[in-house]
$ cat work.pdb   # PDB, C-alpha atoms
ATOM      1  CA  MET A1258      97.583 103.818  29.379
ATOM      2  CA  THR A1259      98.446 102.635  25.897
ATOM      3  CA  PRO A1260      96.171 100.857  23.458
ATOM      4  CA  ALA A1261      95.742  97.114  23.651
ATOM      5  CA  LEU A1262      97.920  94.693  21.761
ATOM      6  CA  PRO A1263      96.293  93.714  18.477
ATOM      7  CA  ASP A1264      93.278  91.685  19.544
ATOM      8  CA  GLY A1265      94.772  91.475  23.010
ATOM      9  CA  PRO A1266      94.394  92.806  26.527
ATOM     10  CA  PRO A1267      95.054  96.395  27.584
ATOM     11  CA  ILE A1268      98.693  97.177  28.312
ATOM     12  CA  ASP A1269     100.009  99.970  30.498
ATOM     13  CA  GLU A1270     103.600 100.984  29.714
ATOM     14  CA  ALA A1271     104.416 101.465  33.400
ATOM     15  CA  VAL A1272     102.892  98.301  34.853
ATOM     16  CA  GLY A1273     102.428  95.984  31.865
ATOM     17  CA  ARG A1274      99.455  93.763  31.204
ATOM     18  CA  LEU A1275      96.365  94.892  33.111
ATOM     19  CA  VAL A1276      94.783  91.427  33.268
ATOM     20  CA  ARG A1277      96.268  89.116  35.873
ATOM     21  CA  PRO A1278      97.741  85.920  34.395
ATOM     22  CA  TYR A1279      95.619  83.603  36.544
ATOM     23  CA  THR A1280      92.451  85.118  35.086
ATOM     24  CA  VAL A1281      93.642  84.235  31.587
ATOM     25  CA  SER A1282      93.883  80.557  32.542
ATOM     26  CA  ASP A1283      90.706  80.591  34.682
ATOM     27  CA  GLY A1284      92.803  80.141  37.806
ATOM     28  CA  ARG A1285      94.459  76.963  36.548
ATOM     29  CA  THR A1286      98.169  76.701  37.177
ATOM     30  CA  ARG A1287      98.992  73.317  35.672
ATOM     31  CA  ALA A1288      98.796  72.284  32.046
ATOM     32  CA  THR A1289      97.055  69.021  31.260
ATOM     33  CA  SER A1290      99.526  68.307  28.446
ATOM     34  CA  HIS A1291     103.297  68.205  28.726
ATOM     35  CA  PHE A1292     105.019  71.245  27.244
ATOM     36  CA  THR A1293     108.516  72.551  27.823
ATOM     37  CA  LEU A1294     109.766  75.998  26.885
ATOM     38  CA  VAL A1295     111.357  74.622  23.730
ATOM     39  CA  THR A1296     108.408  72.484  22.633
ATOM     40  CA  MET A1297     107.421  73.478  19.128
ATOM     41  CA  VAL A1298     103.696  73.939  18.573
ATOM     42  CA  ARG A1299     101.687  74.667  15.456
ATOM     43  CA  ALA A1300      98.060  75.131  14.566
ATOM     44  CA  THR A1301      96.404  72.208  12.831
ATOM     45  CA  GLY A1302      93.865  74.281  10.934
ATOM     46  CA  ALA A1303      91.193  71.850  12.103
ATOM     47  CA  GLN A1304      87.866  73.043  13.434
ATOM     48  CA  THR A1305      88.327  73.439  17.179
ATOM     49  CA  GLN A1306      86.186  71.510  19.592
ATOM     50  CA  GLY A1307      85.185  73.605  22.568
ATOM     51  CA  ALA A1308      84.643  77.255  23.348
ATOM     52  CA  PHE A1309      87.806  79.280  23.558
ATOM     53  CA  GLY A1310      88.384  82.866  24.612
ATOM     54  CA  LEU A1311      90.346  85.775  23.207
ATOM     55  CA  ASP A1312      93.625  84.586  24.701
ATOM     56  CA  HIS A1313      93.178  81.160  23.127
ATOM     57  CA  ALA A1314      92.585  82.845  19.773
ATOM     58  CA  GLN A1315      95.731  84.908  20.232
ATOM     59  CA  VAL A1316      97.789  81.776  20.973
ATOM     60  CA  LEU A1317      96.278  80.025  17.973
ATOM     61  CA  ALA A1318      97.152  82.959  15.699
ATOM     62  CA  LEU A1319     100.757  82.848  16.906
ATOM     63  CA  CYS A1320     100.904  79.130  16.116
ATOM     64  CA  GLU A1321     100.111  79.456  12.419
ATOM     65  CA  ARG A1322     103.753  78.555  11.836
ATOM     66  CA  PRO A1323     105.749  76.280  14.136
ATOM     67  CA  VAL A1324     106.788  78.286  17.186
ATOM     68  CA  SER A1325     108.207  77.459  20.605
ATOM     69  CA  VAL A1326     106.208  77.779  23.804
ATOM     70  CA  ALA A1327     108.733  80.373  25.014
ATOM     71  CA  GLU A1328     108.163  82.487  21.898
ATOM     72  CA  VAL A1329     104.390  82.412  22.364
ATOM     73  CA  ALA A1330     104.783  83.479  26.002
ATOM     74  CA  ALA A1331     107.133  86.301  25.055
ATOM     75  CA  ARG A1332     104.881  87.618  22.318
ATOM     76  CA  MET A1333     101.813  87.479  24.556
ATOM     77  CA  GLN A1334     103.719  88.929  27.509
ATOM     78  CA  VAL A1335     102.395  86.334  29.934
ATOM     79  CA  PRO A1336     104.179  83.683  32.008
ATOM     80  CA  ALA A1337     105.000  80.459  30.205
ATOM     81  CA  ALA A1338     102.886  78.496  32.714
ATOM     82  CA  VAL A1339      99.804  80.381  31.526
ATOM     83  CA  VAL A1340     100.650  79.722  27.873
ATOM     84  CA  LYS A1341     101.093  76.027  28.656
ATOM     85  CA  VAL A1342      97.566  75.915  30.130
ATOM     86  CA  LEU A1343      96.128  77.664  27.058
ATOM     87  CA  LEU A1344      98.063  75.369  24.720
ATOM     88  CA  SER A1345      96.778  72.341  26.650
ATOM     89  CA  ASP A1346      93.216  73.506  26.064
ATOM     90  CA  LEU A1347      93.902  74.000  22.371
ATOM     91  CA  ALA A1348      95.684  70.636  22.053
ATOM     92  CA  GLU A1349      92.762  68.835  23.702
ATOM     93  CA  GLY A1350      90.424  70.587  21.258
ATOM     94  CA  GLY A1351      92.546  69.477  18.305
ATOM     95  CA  ALA A1352      93.564  73.032  17.374
ATOM     96  CA  VAL A1353      97.334  72.650  17.928
ATOM     97  CA  VAL A1354      99.866  69.861  17.891
ATOM     98  CA  ALA A1355     103.187  69.734  19.665
ATOM     99  CA  GLY A1356     106.443  68.211  18.598
ATOM    100  CA  ASP A1357     110.133  68.703  18.562
ATOM    101  CA  ALA A1358     111.712  71.180  16.217
ATOM    102  CA  PRO A1359     112.624  69.658  12.887
ATOM    103  CA  PRO A1360     116.309  68.923  12.666
ATOM    104  CA  PRO A1361     118.265  71.438  10.630
ATOM    105  CA  SER A1362     119.026  70.316   7.139
ATOM    106  CA  PRO A1363     122.687  69.447   6.772
ATOM    107  CA  ASP A1364     124.216  72.057   4.487
ATOM    108  CA  HIS A1365     127.910  71.442   4.759
ATOM    109  CA  SER A1366     128.758  74.180   2.300
ATOM    110  CA  ALA A1367     127.150  76.901   4.440
ATOM    111  CA  ARG A1368     129.493  78.679   6.809
ATOM    112  CA  PRO A1369     128.431  81.023   9.573
ATOM    113  CA  ASP A1370     128.670  84.694   8.752
ATOM    114  CA  ARG A1371     131.731  85.842  10.679
ATOM    115  CA  ASP A1372     130.589  89.477  10.835
ATOM    116  CA  LEU A1373     127.253  88.427  12.308
ATOM    117  CA  LEU A1374     128.905  86.192  14.899
ATOM    118  CA  GLU A1375     131.286  88.977  15.920
ATOM    119  CA  ALA A1376     128.410  91.470  16.190
ATOM    120  CA  VAL A1377     126.509  89.075  18.435
ATOM    121  CA  ARG A1378     129.600  88.504  20.564
ATOM    122  CA  ASP A1379     130.236  92.239  20.881
ATOM    123  CA  GLY A1380     126.615  92.893  21.808
ATOM    124  CA  LEU A1381     126.718  90.228  24.511
ATOM    125  CA  LEU A1382     129.980  91.563  25.920
ATOM    126  CA  LYS A1383     128.482  95.053  26.180
ATOM    127  CA  ARG A1384     125.548  93.702  28.198
ATOM    128  CA  LEU A1385     127.800  91.856  30.661
TER     129      LEU A1385
END

$ encode --input "work.pdb" --output "structure tokens"
Amino acid sequence: MTPALPDGPPIDEAVGRLVRPYTVSDGRTRATSHFTLVTMVRATGAQTQGAFGLDHAQVLALCERPVSVAEVAARMQVPAAVVKVLLSDLAEGGAVVAGDAPPPSPDHSARPDRDLLEAVRDGLLKRL
């Protein structure tokens, strides 16, 4: 067994997270707010209303900067459905807000780095 994630649950390298996902969300499987995998969420910095657990605190810490629901789920190593339930709790308590990603600023002078694009292409081809 390996040590826990920072301020997180115990992780075993062979089997993964030792706490079942449904226990993290108190058995709830449906979020009360609408989130998709690409929904951007961020912490409001406001005093939260309601008692939240360790997993809520972990989600809130990940949302200090705008981040997608998928990114939060990946970093916490839990299913996205569980993260959506936790985010719903935090949104209802006023701790996070959701919104679309800001549109990229139009910088017509910027060109993609050809070397980077080729490296990504080559890496993808190796995995296929």

$ closest_residue --input "work.pdb" --among "A:Val1342, A:Ala1314, A:Leu1319, A:Val1354" --to "Thr1296 (chain A)" --atoms "only C-alpha atoms"
A:Val1354

$ atom_distance --input "work.pdb" --atom1 "CA of Gly1302 (chain A)" --atom2 "CA of Ala1330 (chain A)"
20.8 Å

$ closest_residue --input "work.pdb" --among "A:Val1295, A:Leu1381, A:Ala1352, A:Ala1303" --to "Ala1337 (chain A)" --atoms "only C-alpha atoms"
A:Val1295

$ axis_aligned_box --input "work.pdb" --around "region 1337-1352 of chain A" --padding-each-side "8 Å" --output "JSON"
{"center_x": 97.7, "center_y": 74.6, "center_z": 25.0, "size_x": 30.6, "size_y": 27.6, "size_z": 31.3}

$ atom_distance --input "work.pdb" --atom1 "CA of Ala1318 (chain A)" --atom2 "CA of Glu1349 (chain A)"
16.8 Å

$ residues_around --input "work.pdb" --residues "Arg1299 (chain A)" --least-positions-apart "3" --cutoff "12 Å" --atoms "all atoms listed in the file" --output "JSON, numbers by chain"
{"A": [1296, 1302, 1303, 1316, 1317, 1318, 1319, 1320, 1321, 1322, 1323, 1324, 1325, 1326, 1329, 1344, 1347, 1348, 1351, 1352, 1353, 1354, 1355, 1356, 1357, 1358]}

$ atom_distance --input "work.pdb" --atom1 "CA of Ser1345 (chain A)" --atom2 "CA of His1291 (chain A)"
8.0 Å
